[in-house]
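Structure file upload.pdb (PDB, C-alpha atoms) is printed below.
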```
ATOM      1  CA  MET A 705     118.664 -27.240 112.355
ATOM      2  CA  THR A 706     121.676 -26.582 114.501
ATOM      3  CA  GLY A 707     125.044 -28.175 114.045
ATOM      4  CA  HIS A 708     126.561 -29.985 111.103
ATOM      5  CA  VAL A 709     125.397 -33.563 110.448
ATOM      6  CA  GLU A 710     128.390 -35.740 109.569
ATOM      7  CA  PRO A 711     127.923 -38.523 107.024
ATOM      8  CA  LEU A 712     127.818 -41.960 108.632
ATOM      9  CA  LYS A 713     130.877 -43.034 106.612
ATOM     10  CA  ILE A 714     133.071 -40.504 108.435
ATOM     11  CA  TYR A 715     132.163 -41.836 111.876
ATOM     12  CA  ILE A 716     132.766 -45.429 110.813
ATOM     13  CA  GLY A 717     136.076 -44.424 109.212
ATOM     14  CA  VAL A 718     137.227 -42.637 112.374
ATOM     15  CA  PHE A 719     136.183 -45.627 114.487
ATOM     16  CA  VAL A 720     138.144 -48.082 112.317
ATOM     17  CA  SER A 721     141.184 -45.761 112.329
ATOM     18  CA  LEU A 722     141.072 -45.519 116.125
ATOM     19  CA  LEU A 723     140.947 -49.320 116.447
ATOM     20  CA  ALA A 724     143.820 -49.701 113.978
ATOM     21  CA  LEU A 725     145.921 -47.143 115.865
ATOM     22  CA  THR A 726     145.194 -48.949 119.158
ATOM     23  CA  ALA A 727     146.417 -52.212 117.606
ATOM     24  CA  LEU A 728     149.469 -50.425 116.201
ATOM     25  CA  THR A 729     150.467 -48.776 119.480
ATOM     26  CA  THR A 730     150.061 -52.090 121.313
ATOM     27  CA  ALA A 731     152.171 -53.897 118.701
ATOM     28  CA  VAL A 732     154.914 -51.262 118.863
ATOM     29  CA  ALA A 733     155.216 -51.830 122.619
ATOM     30  CA  PHE A 734     156.491 -55.341 121.854
ATOM     31  CA  VAL A 735     159.355 -53.967 119.734
ATOM     32  CA  ASP A 736     162.440 -52.533 121.412
ATOM     33  CA  LEU A 737     162.920 -49.011 120.080
ATOM     34  CA  GLY A 738     164.755 -47.772 123.151
ATOM     35  CA  ALA A 739     163.715 -44.301 124.208
ATOM     36  CA  MET A 740     161.642 -43.963 121.047
ATOM     37  CA  ASN A 741     158.983 -46.319 122.431
ATOM     38  CA  THR A 742     157.541 -43.586 124.625
ATOM     39  CA  ALA A 743     157.701 -41.001 121.852
ATOM     40  CA  VAL A 744     155.934 -43.275 119.365
ATOM     41  CA  ALA A 745     153.253 -44.266 121.897
ATOM     42  CA  LEU A 746     152.528 -40.609 122.710
ATOM     43  CA  ALA A 747     152.535 -39.594 119.047
ATOM     44  CA  ILE A 748     149.949 -42.281 118.241
ATOM     45  CA  ALA A 749     147.870 -41.192 121.227
ATOM     46  CA  GLY A 750     148.079 -37.623 119.919
ATOM     47  CA  VAL A 751     146.778 -38.659 116.505
ATOM     48  CA  LYS A 752     143.919 -40.600 118.146
ATOM     49  CA  MET A 753     143.056 -37.548 120.230
ATOM     50  CA  LEU A 754     142.992 -35.348 117.123
ATOM     51  CA  LEU A 755     140.625 -37.771 115.387
ATOM     52  CA  VAL A 756     138.255 -37.762 118.364
ATOM     53  CA  VAL A 757     138.358 -33.977 118.836
ATOM     54  CA  LEU A 758     137.975 -33.090 115.157
ATOM     55  CA  PHE A 759     135.309 -35.625 114.161
ATOM     56  CA  PHE A 760     133.518 -37.100 117.191
ATOM     57  CA  MET A 761     133.508 -33.773 119.045
ATOM     58  CA  HIS A 762     132.724 -31.785 115.869
ATOM     59  CA  ALA A 763     135.573 -29.356 116.509
ATOM     60  CA  ARG A 764     136.157 -28.867 112.791
ATOM     61  CA  HIS A 765     132.634 -27.483 112.406
ATOM     62  CA  SER A 766     132.514 -25.459 115.608
ATOM     63  CA  SER A 767     132.647 -21.684 115.791
ATOM     64  CA  ALA A 768     135.892 -19.718 115.939
ATOM     65  CA  LEU A 769     135.215 -18.866 119.588
ATOM     66  CA  THR A 770     134.894 -22.533 120.537
ATOM     67  CA  LYS A 771     138.069 -23.354 118.606
ATOM     68  CA  ILE A 772     139.963 -20.647 120.506
ATOM     69  CA  VAL A 773     138.731 -22.085 123.817
ATOM     70  CA  ILE A 774     139.878 -25.586 122.802
ATOM     71  CA  LEU A 775     143.297 -24.331 121.725
ATOM     72  CA  ALA A 776     143.616 -22.285 124.914
ATOM     73  CA  GLY A 777     142.983 -25.437 126.946
ATOM     74  CA  PHE A 778     145.793 -27.302 125.212
ATOM     75  CA  PHE A 779     148.033 -24.244 125.446
ATOM     76  CA  TRP A 780     147.667 -24.110 129.230
ATOM     77  CA  LEU A 781     148.274 -27.844 129.472
ATOM     78  CA  ALA A 782     151.427 -27.388 127.387
ATOM     79  CA  LEU A 783     152.560 -24.599 129.740
ATOM     80  CA  LEU A 784     151.972 -26.821 132.768
ATOM     81  CA  LEU A 785     153.910 -29.757 131.345
ATOM     82  CA  THR A 786     156.701 -27.741 129.713
ATOM     83  CA  PHE A 787     157.600 -25.645 132.726
ATOM     84  CA  THR A 788     157.267 -28.568 135.127
ATOM     85  CA  LEU A 789     159.541 -30.765 133.036
ATOM     86  CA  THR A 790     162.114 -28.079 132.234
ATOM     87  CA  ASP A 791     162.353 -27.449 135.968
ATOM     88  CA  ILE A 792     162.724 -31.146 136.789
ATOM     89  CA  ASN A 793     165.256 -31.724 134.015
ATOM     90  CA  SER A 794     167.392 -28.667 134.635
ATOM     91  CA  ARG A 795     167.447 -28.687 138.426
ATOM     92  CA  ARG A 796     170.692 -29.798 139.981
ATOM     93  CA  TRP A 797     169.617 -32.661 142.206
ATOM     94  CA  ASP A 798     172.125 -32.479 145.006
ATOM     95  CA  PRO A 799     172.008 -35.104 146.248
ATOM     96  CA  SER A 800     169.785 -36.783 143.717
ATOM     97  CA  PRO A 801     166.880 -38.555 145.367
ATOM     98  CA  GLY A 802     167.883 -42.155 145.945
ATOM     99  CA  PRO A 803     165.527 -45.065 146.391
ATOM    100  CA  TRP A 804     163.487 -45.021 149.565
ATOM    101  CA  SER A 805     164.590 -48.455 150.637
ATOM    102  CA  ALA A 806     167.551 -47.331 152.724
ATOM    103  CA  PRO A 807     169.877 -50.366 152.813
ATOM    104  CA  ALA A 808     170.525 -50.528 149.068
ATOM    105  CA  PRO A 809     173.763 -48.805 147.986
ATOM    106  CA  ALA A 810     172.859 -45.294 146.995
ATOM    107  CA  ALA A 811     172.020 -45.855 143.367
ATOM    108  CA  PRO A 812     171.240 -42.496 141.800
ATOM    109  CA  ALA A 813     167.981 -42.168 139.983
ATOM    110  CA  PRO A 814     168.564 -43.160 136.379
ATOM    111  CA  ALA A 815     168.756 -40.243 134.025
ATOM    112  CA  GLY A 816     166.074 -41.486 131.708
ATOM    113  CA  PRO A 817     164.931 -40.001 128.444
ATOM    114  CA  ALA A 818     162.933 -36.825 128.705
ATOM    115  CA  ALA A 819     159.406 -37.776 129.643
ATOM    116  CA  PRO A 820     156.599 -36.377 127.451
TER
ATOM    117  CA  MET B1038     106.106 -31.144 122.986
ATOM    118  CA  ALA B1039     108.181 -32.314 120.064
ATOM    119  CA  ASP B1040     105.249 -32.219 117.694
ATOM    120  CA  ALA B1041     104.263 -28.695 118.611
ATOM    121  CA  ALA B1042     104.824 -26.966 115.275
ATOM    122  CA  THR B1043     106.110 -23.575 116.316
ATOM    123  CA  PRO B1044     105.818 -20.771 113.800
ATOM    124  CA  HIS B1045     109.204 -19.365 112.865
ATOM    125  CA  ALA B1046     110.341 -16.684 115.288
ATOM    126  CA  ALA B1047     106.748 -15.651 115.979
ATOM    127  CA  GLU B1048     106.685 -17.185 119.432
ATOM    128  CA  HIS B1049     109.637 -19.042 120.777
ATOM    129  CA  PRO B1050     109.550 -22.830 121.145
ATOM    130  CA  PRO B1051     109.254 -24.116 124.716
ATOM    131  CA  TYR B1052     112.884 -25.239 124.871
ATOM    132  CA  LEU B1053     114.305 -21.836 123.853
ATOM    133  CA  ALA B1054     115.262 -19.808 126.907
ATOM    134  CA  HIS B1055     114.167 -16.168 126.955
ATOM    135  CA  HIS B1056     117.658 -14.732 127.042
ATOM    136  CA  PHE B1057     118.726 -16.299 123.727
ATOM    137  CA  SER B1058     117.693 -14.730 120.466
ATOM    138  CA  ASP B1059     117.455 -18.034 118.622
ATOM    139  CA  ILE B1060     118.040 -21.750 119.026
ATOM    140  CA  GLY B1061     121.377 -21.567 117.192
ATOM    141  CA  GLN B1062     122.714 -19.094 119.725
ATOM    142  CA  GLN B1063     121.445 -21.203 122.604
ATOM    143  CA  PHE B1064     123.085 -24.330 121.148
ATOM    144  CA  GLU B1065     126.345 -22.462 120.605
ATOM    145  CA  ALA B1066     126.335 -21.174 124.183
ATOM    146  CA  GLY B1067     125.721 -24.690 125.468
ATOM    147  CA  SER B1068     128.611 -26.332 123.677
ATOM    148  CA  LEU B1069     130.947 -23.411 124.377
ATOM    149  CA  GLY B1070     130.111 -23.720 128.076
ATOM    150  CA  MET B1071     130.789 -27.458 127.962
ATOM    151  CA  TRP B1072     134.136 -26.876 126.284
ATOM    152  CA  LEU B1073     135.039 -24.381 129.021
ATOM    153  CA  PHE B1074     134.249 -27.060 131.581
ATOM    154  CA  LEU B1075     136.339 -29.568 129.631
ATOM    155  CA  VAL B1076     139.262 -27.114 129.685
ATOM    156  CA  THR B1077     139.122 -27.203 133.495
ATOM    157  CA  GLU B1078     139.022 -31.003 133.211
ATOM    158  CA  ILE B1079     142.110 -30.917 130.989
ATOM    159  CA  MET B1080     143.917 -29.029 133.755
ATOM    160  CA  PHE B1081     142.520 -31.399 136.387
ATOM    161  CA  PHE B1082     143.870 -34.495 134.658
ATOM    162  CA  GLY B1083     146.874 -32.470 133.465
ATOM    163  CA  GLY B1084     148.058 -32.158 137.067
ATOM    164  CA  LEU B1085     148.031 -35.935 137.386
ATOM    165  CA  PHE B1086     149.846 -36.349 134.080
ATOM    166  CA  ALA B1087     152.478 -33.803 135.158
ATOM    167  CA  GLY B1088     152.969 -35.630 138.465
ATOM    168  CA  TYR B1089     153.258 -38.904 136.612
ATOM    169  CA  ALA B1090     155.864 -37.414 134.250
ATOM    170  CA  ILE B1091     157.963 -36.131 137.165
ATOM    171  CA  TYR B1092     158.031 -39.397 139.083
ATOM    172  CA  ARG B1093     158.519 -41.485 135.985
ATOM    173  CA  HIS B1094     161.527 -39.298 135.234
ATOM    174  CA  LEU B1095     162.918 -39.789 138.748
ATOM    175  CA  PHE B1096     162.147 -43.515 139.038
ATOM    176  CA  LEU B1097     162.165 -44.718 135.452
ATOM    177  CA  LYS B1098     163.180 -48.326 136.161
ATOM    178  CA  GLY B1099     160.505 -48.801 138.807
ATOM    179  CA  PHE B1100     157.797 -47.273 136.619
ATOM    180  CA  GLU B1101     158.782 -49.497 133.700
ATOM    181  CA  GLU B1102     158.792 -52.595 135.868
ATOM    182  CA  GLY B1103     155.433 -51.586 137.378
ATOM    183  CA  SER B1104     153.962 -51.007 133.934
ATOM    184  CA  ARG B1105     154.896 -54.552 132.889
ATOM    185  CA  LEU B1106     152.824 -55.910 135.802
ATOM    186  CA  LEU B1107     149.635 -54.701 134.106
ATOM    187  CA  ASN B1108     147.809 -56.940 131.641
ATOM    188  CA  VAL B1109     148.354 -55.278 128.277
ATOM    189  CA  ARG B1110     145.855 -57.506 126.441
ATOM    190  CA  ILE B1111     143.004 -56.578 128.767
ATOM    191  CA  GLY B1112     144.092 -52.939 128.553
ATOM    192  CA  ALA B1113     144.052 -52.937 124.751
ATOM    193  CA  LEU B1114     140.729 -54.767 124.627
ATOM    194  CA  ASN B1115     139.181 -52.279 127.037
ATOM    195  CA  THR B1116     140.535 -49.421 124.921
ATOM    196  CA  ALA B1117     138.676 -50.887 121.949
ATOM    197  CA  VAL B1118     135.499 -51.166 124.045
ATOM    198  CA  LEU B1119     135.758 -47.507 125.051
ATOM    199  CA  ILE B1120     136.393 -46.414 121.450
ATOM    200  CA  GLY B1121     133.288 -48.390 120.491
ATOM    201  CA  SER B1122     131.287 -46.503 123.105
ATOM    202  CA  SER B1123     132.564 -43.236 121.627
ATOM    203  CA  LEU B1124     131.311 -44.347 118.215
ATOM    204  CA  THR B1125     127.838 -45.182 119.556
ATOM    205  CA  MET B1126     127.808 -41.847 121.382
ATOM    206  CA  ALA B1127     128.683 -39.988 118.167
ATOM    207  CA  LEU B1128     125.894 -41.914 116.453
ATOM    208  CA  ALA B1129     123.500 -40.958 119.269
ATOM    209  CA  VAL B1130     124.227 -37.273 118.652
ATOM    210  CA  ARG B1131     123.716 -37.837 114.924
ATOM    211  CA  ALA B1132     120.399 -39.587 115.575
ATOM    212  CA  ALA B1133     119.292 -36.637 117.721
ATOM    213  CA  GLN B1134     120.277 -34.215 114.951
ATOM    214  CA  LEU B1135     118.223 -36.203 112.454
ATOM    215  CA  ASN B1136     115.292 -36.466 114.852
ATOM    216  CA  ARG B1137     115.421 -40.273 115.048
ATOM    217  CA  ARG B1138     114.211 -40.921 118.563
ATOM    218  CA  ARG B1139     114.441 -44.703 118.445
ATOM    219  CA  ALA B1140     118.014 -44.663 117.125
ATOM    220  CA  LEU B1141     118.932 -42.049 119.746
ATOM    221  CA  ILE B1142     117.674 -44.210 122.610
ATOM    222  CA  THR B1143     119.297 -47.351 121.164
ATOM    223  CA  CYS B1144     122.661 -45.630 120.733
ATOM    224  CA  LEU B1145     122.579 -44.122 124.227
ATOM    225  CA  ILE B1146     121.818 -47.520 125.750
ATOM    226  CA  LEU B1147     124.576 -49.161 123.676
ATOM    227  CA  THR B1148     126.996 -46.493 124.905
ATOM    228  CA  MET B1149     126.004 -47.201 128.493
ATOM    229  CA  LEU B1150     126.378 -50.962 128.008
ATOM    230  CA  LEU B1151     129.872 -50.557 126.536
ATOM    231  CA  GLY B1152     130.779 -48.194 129.389
ATOM    232  CA  LEU B1153     129.566 -50.783 131.898
ATOM    233  CA  VAL B1154     131.614 -53.492 130.149
ATOM    234  CA  PHE B1155     134.698 -51.279 130.488
ATOM    235  CA  ILE B1156     134.138 -50.674 134.195
ATOM    236  CA  GLY B1157     133.209 -54.312 134.792
ATOM    237  CA  VAL B1158     136.410 -55.537 133.151
ATOM    238  CA  LYS B1159     138.406 -53.049 135.207
ATOM    239  CA  LEU B1160     136.823 -54.201 138.461
ATOM    240  CA  ASN B1161     136.750 -57.939 137.856
ATOM    241  CA  PHE B1162     139.858 -58.606 135.802
ATOM    242  CA  GLU B1163     142.239 -55.794 136.743
ATOM    243  CA  TRP B1164     141.680 -54.109 140.096
ATOM    244  CA  SER B1165     140.600 -57.284 141.904
ATOM    245  CA  HIS B1166     143.535 -59.120 140.348
ATOM    246  CA  ASP B1167     145.906 -56.340 141.489
ATOM    247  CA  TYR B1168     144.490 -56.683 144.997
ATOM    248  CA  GLU B1169     145.134 -60.429 145.028
ATOM    249  CA  GLU B1170     148.682 -59.784 143.812
ATOM    250  CA  HIS B1171     149.229 -57.310 146.712
ATOM    251  CA  LEU B1172     149.747 -54.425 144.304
ATOM    252  CA  VAL B1173     147.302 -51.952 145.889
ATOM    253  CA  PRO B1174     149.212 -49.278 147.843
ATOM    254  CA  GLY B1175     147.903 -48.930 151.374
ATOM    255  CA  MET B1176     146.073 -52.255 151.200
ATOM    256  CA  GLY B1177     148.832 -54.715 151.911
ATOM    257  CA  PHE B1178     151.181 -53.714 149.114
ATOM    258  CA  SER B1179     154.122 -56.043 148.865
ATOM    259  CA  TYR B1180     156.491 -56.719 146.019
ATOM    260  CA  PRO B1181     159.871 -58.405 145.972
ATOM    261  CA  GLY B1182     162.857 -56.604 144.573
ATOM    262  CA  ALA B1183     164.783 -53.375 145.003
ATOM    263  CA  ASN B1184     162.355 -51.324 142.926
ATOM    264  CA  ALA B1185     159.401 -52.034 145.227
ATOM    265  CA  PRO B1186     159.015 -48.454 146.578
ATOM    266  CA  ALA B1187     159.018 -46.955 143.103
ATOM    267  CA  ILE B1188     156.584 -49.619 141.908
ATOM    268  CA  GLU B1189     154.295 -48.779 144.817
ATOM    269  CA  LEU B1190     154.424 -45.157 143.663
ATOM    270  CA  PHE B1191     153.613 -46.264 140.112
ATOM    271  CA  PHE B1192     150.557 -48.092 141.409
ATOM    272  CA  CYS B1193     149.498 -45.005 143.369
ATOM    273  CA  PHE B1194     149.380 -43.146 140.060
ATOM    274  CA  TYR B1195     147.750 -46.126 138.354
ATOM    275  CA  PHE B1196     144.878 -46.323 140.836
ATOM    276  CA  PHE B1197     144.328 -42.573 141.096
ATOM    277  CA  MET B1198     144.353 -42.079 137.327
ATOM    278  CA  THR B1199     142.231 -45.086 136.380
ATOM    279  CA  GLY B1200     140.008 -44.518 139.427
ATOM    280  CA  LEU B1201     139.286 -40.884 138.556
ATOM    281  CA  HIS B1202     138.742 -41.922 134.951
ATOM    282  CA  ALA B1203     136.242 -44.586 136.025
ATOM    283  CA  LEU B1204     134.527 -42.074 138.319
ATOM    284  CA  HIS B1205     134.052 -39.769 135.352
ATOM    285  CA  MET B1206     132.512 -42.654 133.444
ATOM    286  CA  VAL B1207     130.112 -43.440 136.295
ATOM    287  CA  ILE B1208     128.994 -39.797 136.360
ATOM    288  CA  GLY B1209     128.488 -39.886 132.582
ATOM    289  CA  LEU B1210     126.475 -43.092 132.863
ATOM    290  CA  GLY B1211     124.253 -41.521 135.520
ATOM    291  CA  ILE B1212     123.550 -38.520 133.298
ATOM    292  CA  MET B1213     122.819 -40.823 130.350
ATOM    293  CA  VAL B1214     120.179 -42.685 132.362
ATOM    294  CA  VAL B1215     118.345 -39.372 132.772
ATOM    295  CA  PHE B1216     118.761 -38.529 129.076
ATOM    296  CA  VAL B1217     117.430 -41.910 127.941
ATOM    297  CA  TRP B1218     114.373 -41.260 130.077
ATOM    298  CA  MET B1219     114.023 -37.742 128.650
ATOM    299  CA  ALA B1220     114.452 -39.031 125.100
ATOM    300  CA  SER B1221     111.771 -41.675 125.650
ATOM    301  CA  ARG B1222     109.436 -38.859 126.720
ATOM    302  CA  GLY B1223     110.188 -37.032 123.471
ATOM    303  CA  ARG B1224     112.058 -34.156 125.035
ATOM    304  CA  PHE B1225     114.632 -33.910 122.227
ATOM    305  CA  ASP B1226     114.269 -33.338 118.515
ATOM    306  CA  GLY B1227     116.338 -32.101 115.605
ATOM    307  CA  GLY B1228     115.848 -28.501 116.772
ATOM    308  CA  PHE B1229     116.731 -29.167 120.386
ATOM    309  CA  TYR B1230     119.376 -31.720 121.269
ATOM    310  CA  SER B1231     121.900 -29.597 123.192
ATOM    311  CA  PRO B1232     121.974 -31.991 126.175
ATOM    312  CA  ILE B1233     122.859 -34.914 123.883
ATOM    313  CA  GLU B1234     125.594 -32.893 122.168
ATOM    314  CA  VAL B1235     127.010 -31.869 125.538
ATOM    315  CA  ILE B1236     127.018 -35.360 127.096
ATOM    316  CA  GLY B1237     128.675 -36.473 123.847
ATOM    317  CA  LEU B1238     131.477 -33.938 124.336
ATOM    318  CA  TYR B1239     131.915 -35.160 127.915
ATOM    319  CA  TRP B1240     132.004 -38.835 126.934
ATOM    320  CA  HIS B1241     134.521 -38.257 124.136
ATOM    321  CA  PHE B1242     136.701 -36.278 126.546
ATOM    322  CA  VAL B1243     136.718 -39.210 128.966
ATOM    323  CA  ASP B1244     137.653 -41.422 126.014
ATOM    324  CA  ILE B1245     140.589 -39.116 125.194
ATOM    325  CA  VAL B1246     141.855 -39.318 128.780
ATOM    326  CA  TRP B1247     141.917 -43.105 128.427
ATOM    327  CA  ILE B1248     143.630 -42.841 125.031
ATOM    328  CA  PHE B1249     146.569 -41.282 126.909
ATOM    329  CA  LEU B1250     146.314 -43.401 130.050
ATOM    330  CA  PHE B1251     146.563 -46.637 128.067
ATOM    331  CA  PRO B1252     150.052 -46.044 126.603
ATOM    332  CA  LEU B1253     151.354 -44.222 129.692
ATOM    333  CA  LEU B1254     150.303 -46.967 132.105
ATOM    334  CA  TYR B1255     150.341 -50.164 130.047
ATOM    335  CA  LEU B1256     152.791 -49.655 127.211
ATOM    336  CA  VAL B1257     155.725 -47.397 128.075
ATOM    337  CA  GLY B1258     157.388 -50.070 130.179
ATOM    338  CA  GLY B1259     157.978 -52.045 127.010
ATOM    339  CA  ARG B1260     156.860 -55.620 126.489
ATOM    340  CA  TYR B1261     159.820 -56.982 124.606
TER
END
```
What is this structure when it is put down as structure tokens?
Amino acid sequence: MTGHVEPLKIYIGVFVSLLALTALTTAVAFVDLGAMNTAVALAIAGVKMLLVVLFFMHARHSSALTKIVILAGFFWLALLLTFTLTDINSRRWDPSPGPWSAPAPAAPAPAGPAAP
Amino acid sequence: MADAATPHAAEHPPYLAHHFSDIGQQFEAGSLGMWLFLVTEIMFFGGLFAGYAIYRHLFLKGFEEGSRLLNVRIGALNTAVLIGSSLTMALAVRAAQLNRRRALITCLILTMLLGLVFIGVKLNFEWSHDYEEHLVPGMGFSYPGANAPAIELFFCFYFFMTGLHALHMVIGLGIMVVFVWMASRGRFDGGFYSPIEVIGLYWHFVDIVWIFLFPLLYLVGGRY
């Protein structure tokens, strides 16, 4: 026998949790939390991802080597996003890119909350 | 093949390749290799997510307005359908582990049906609707208001991200057709189910991509 057999209860529990979190994230979108809306939505998505990776993808029972590969994947993704966004956020846009539709009075791009 | 009772380690079972010392090592190599592939997929979709983050940062108002043009109820419902397909896929792997051929085939077919429902809903209720509303960039996009160019950009991201996601699903469905056929011929059992484990990893990965696409495309514009 290869691989760990999860009890059925765990899979059902993860499934119900994922559905509940989907309902929650949808409900939160109807509440005005300002800039926190994006943060909450991404946090819930992160929790859902963890549930899928750990239980459905058996990561918690996989070998140390496989775990390192998984973590390395997320590490490189974090590098990509972090350096891209620090560059975008810290660059002095001069002039800042206006809307493409020329006739409108040059409204600068809104300085929104930091994206994920 | 499945009923061939192979003596332990005396001669290797037909599904054990010569260069592996035992079936555990072969299984481990298979899932490690799949994870390596998924890491490249993380970077592949990661590029799109990074591009999305940049342009959302630059054109926040347009992206939020564009996001509100999507049907959040259909999006949430489809998310539930895809999560359901992940459950049936996890159960398929479990059935293969426990050597339950009938349950394996049933779960694989259920997974495919749920995947087809997802793609069908996308085609019939979302993409076709977007086309009728002139929201497809390059195919007669038109939208009133000052934010139109940024909204067109939002829909570029929307169609590339959901399109590539759907393409991944179609590829997964194609592979599952082959595996259902193989399972019906008794090619898998509790000792050998690497292909089922690996397609499971792939399917769950595609599910995770959607778990992030759903809030980023449908929700972050706010619905209040």
*Using all atoms listed in the file, which residues sit within 12 Å of Arg1224 in chain B once same-chain residues fewer than 4 positions away are excluded, as a PyMOL selection string?*
chain B and resi 1038-1041+1051-1052+1133+1136+1138+1141-1142+1215-1220+1228-1233
6 Å per side around range 1107-1111 of chain B: axis-aligned box centre and edge lengths, as lines of an AutoDock Vina configuration file:
```
center_x = 146.3
center_y = -56.1
center_z = 130.3
size_x = 18.6
size_y = 14.8
size_z = 19.7
```
_Distance limit 6 Å, atoms considered: all atoms listed in the file. Which chain B residues sit that close to chain A? Return them as a VMD selection string._
chain B and resid 1061 1069 1076 1087 1090 1095 1127 1228 1238 1245 1248 to 1249 1252 1256 to 1257 1259 to 1261
Can those selected residues be exported to a file as an mmCIF file, in the coordinates of the input so that it contains C-alpha atoms?
```
data_model
loop_
_atom_site.group_PDB
_atom_site.id
_atom_site.type_symbol
_atom_site.label_atom_id
_atom_site.label_comp_id
_atom_site.auth_asym_id
_atom_site.auth_seq_id
_atom_site.Cartn_x
_atom_site.Cartn_y
_atom_site.Cartn_z
ATOM 1 C CA GLY B 1061 121.377 -21.567 117.192
ATOM 2 C CA LEU B 1069 130.947 -23.411 124.377
ATOM 3 C CA VAL B 1076 139.262 -27.114 129.685
ATOM 4 C CA ALA B 1087 152.478 -33.803 135.158
ATOM 5 C CA ALA B 1090 155.864 -37.414 134.250
ATOM 6 C CA LEU B 1095 162.918 -39.789 138.748
ATOM 7 C CA ALA B 1127 128.683 -39.988 118.167
ATOM 8 C CA GLY B 1228 115.848 -28.501 116.772
ATOM 9 C CA LEU B 1238 131.477 -33.938 124.336
ATOM 10 C CA ILE B 1245 140.589 -39.116 125.194
ATOM 11 C CA ILE B 1248 143.630 -42.841 125.031
ATOM 12 C CA PHE B 1249 146.569 -41.282 126.909
ATOM 13 C CA PRO B 1252 150.052 -46.044 126.603
ATOM 14 C CA LEU B 1256 152.791 -49.655 127.211
ATOM 15 C CA VAL B 1257 155.725 -47.397 128.075
ATOM 16 C CA GLY B 1259 157.978 -52.045 127.010
ATOM 17 C CA ARG B 1260 156.860 -55.620 126.489
ATOM 18 C CA TYR B 1261 159.820 -56.982 124.606
#
```
*Point-to-point distance in Å for CA of Glu1234 in chain B and CA of Val1130 in chain B*: 5.8 Å
*Report the distance between CA of Ser1068 in chain B and CA of Phe1251 in chain B in Å, rounded to one decimal place.*
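Pair CA of Ser1068 in chain B / CA of Phe1251 in chain B returns 27.5 Å.
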Long-range neighbours of Leu1085 in chain B as a compact mmCIF listing (two decimals) with C-alpha atoms, keeping the file's coordinate frame, 12 Å cut-off, all atoms listed in the file, 2 positions minimum in chain:
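The result, stored in selection.txt:
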```txt
# COMPACT_ATOMS: atom_id res chain seq x y z
CA LEU A 781 148.27 -27.84 129.47
CA LEU A 784 151.97 -26.82 132.77
CA LEU A 785 153.91 -29.76 131.34
CA GLU B 1078 139.02 -31.00 133.21
CA ILE B 1079 142.11 -30.92 130.99
CA MET B 1080 143.92 -29.03 133.76
CA PHE B 1081 142.52 -31.40 136.39
CA PHE B 1082 143.87 -34.49 134.66
CA GLY B 1083 146.87 -32.47 133.46
CA ALA B 1087 152.48 -33.80 135.16
CA GLY B 1088 152.97 -35.63 138.46
CA TYR B 1089 153.26 -38.90 136.61
CA ALA B 1090 155.86 -37.41 134.25
CA ILE B 1091 157.96 -36.13 137.16
CA TYR B 1092 158.03 -39.40 139.08
CA ARG B 1093 158.52 -41.48 135.99
CA CYS B 1193 149.50 -45.00 143.37
CA PHE B 1194 149.38 -43.15 140.06
CA TYR B 1195 147.75 -46.13 138.35
CA PHE B 1196 144.88 -46.32 140.84
CA PHE B 1197 144.33 -42.57 141.10
CA MET B 1198 144.35 -42.08 137.33
CA THR B 1199 142.23 -45.09 136.38
CA GLY B 1200 140.01 -44.52 139.43
CA LEU B 1201 139.29 -40.88 138.56
CA HIS B 1202 138.74 -41.92 134.95
CA VAL B 1246 141.85 -39.32 128.78
CA PHE B 1249 146.57 -41.28 126.91
CA LEU B 1250 146.31 -43.40 130.05
CA LEU B 1253 151.35 -44.22 129.69
```
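We find CA of Ala1185 in chain B and CA of Glu1102 in chain B to be spaced 9.4 Å apart.
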*Using all atoms listed in the file, pick whichever of A:Arg764, A:Leu725, A:Phe779, A:Lys713 has the shortest atom-to-atom distance to Ile1120 in chain B.*
A:Leu725
*Residues in the PyMOL selection byres ((chain B and resi 1113) around 9), expressed as number ranges by chain*: A: 726-727, 730; B: 1108-1112, 1114-1118, 1251, 1255
Save the residues we just selected, C-alpha atoms, as a PDB file, in the coordinates of the input?
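Heads up, here's the output in part-v5.pdb:
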```pdb
ATOM      1  CA  THR A 726     145.194 -48.949 119.158  1.00  0.00           C
ATOM      2  CA  ALA A 727     146.417 -52.212 117.606  1.00  0.00           C
ATOM      3  CA  THR A 730     150.061 -52.090 121.313  1.00  0.00           C
TER       4      THR A 730
ATOM      5  CA  ASN B1108     147.809 -56.940 131.641  1.00  0.00           C
ATOM      6  CA  VAL B1109     148.354 -55.278 128.277  1.00  0.00           C
ATOM      7  CA  ARG B1110     145.855 -57.506 126.441  1.00  0.00           C
ATOM      8  CA  ILE B1111     143.004 -56.578 128.767  1.00  0.00           C
ATOM      9  CA  GLY B1112     144.092 -52.939 128.553  1.00  0.00           C
ATOM     10  CA  LEU B1114     140.729 -54.767 124.627  1.00  0.00           C
ATOM     11  CA  ASN B1115     139.181 -52.279 127.037  1.00  0.00           C
ATOM     12  CA  THR B1116     140.535 -49.421 124.921  1.00  0.00           C
ATOM     13  CA  ALA B1117     138.676 -50.887 121.949  1.00  0.00           C
ATOM     14  CA  VAL B1118     135.499 -51.166 124.045  1.00  0.00           C
ATOM     15  CA  PHE B1251     146.563 -46.637 128.067  1.00  0.00           C
ATOM     16  CA  TYR B1255     150.341 -50.164 130.047  1.00  0.00           C
TER      17      TYR B1255
END
```
*Long-range neighbours of Ala1203 in chain B as number ranges by chain, 12 Å cut-off, only C-alpha atoms, 2 positions minimum in chain*: B: 1119, 1152-1160, 1164, 1195-1201, 1205-1210, 1240, 1243-1244, 1246-1247, 1250
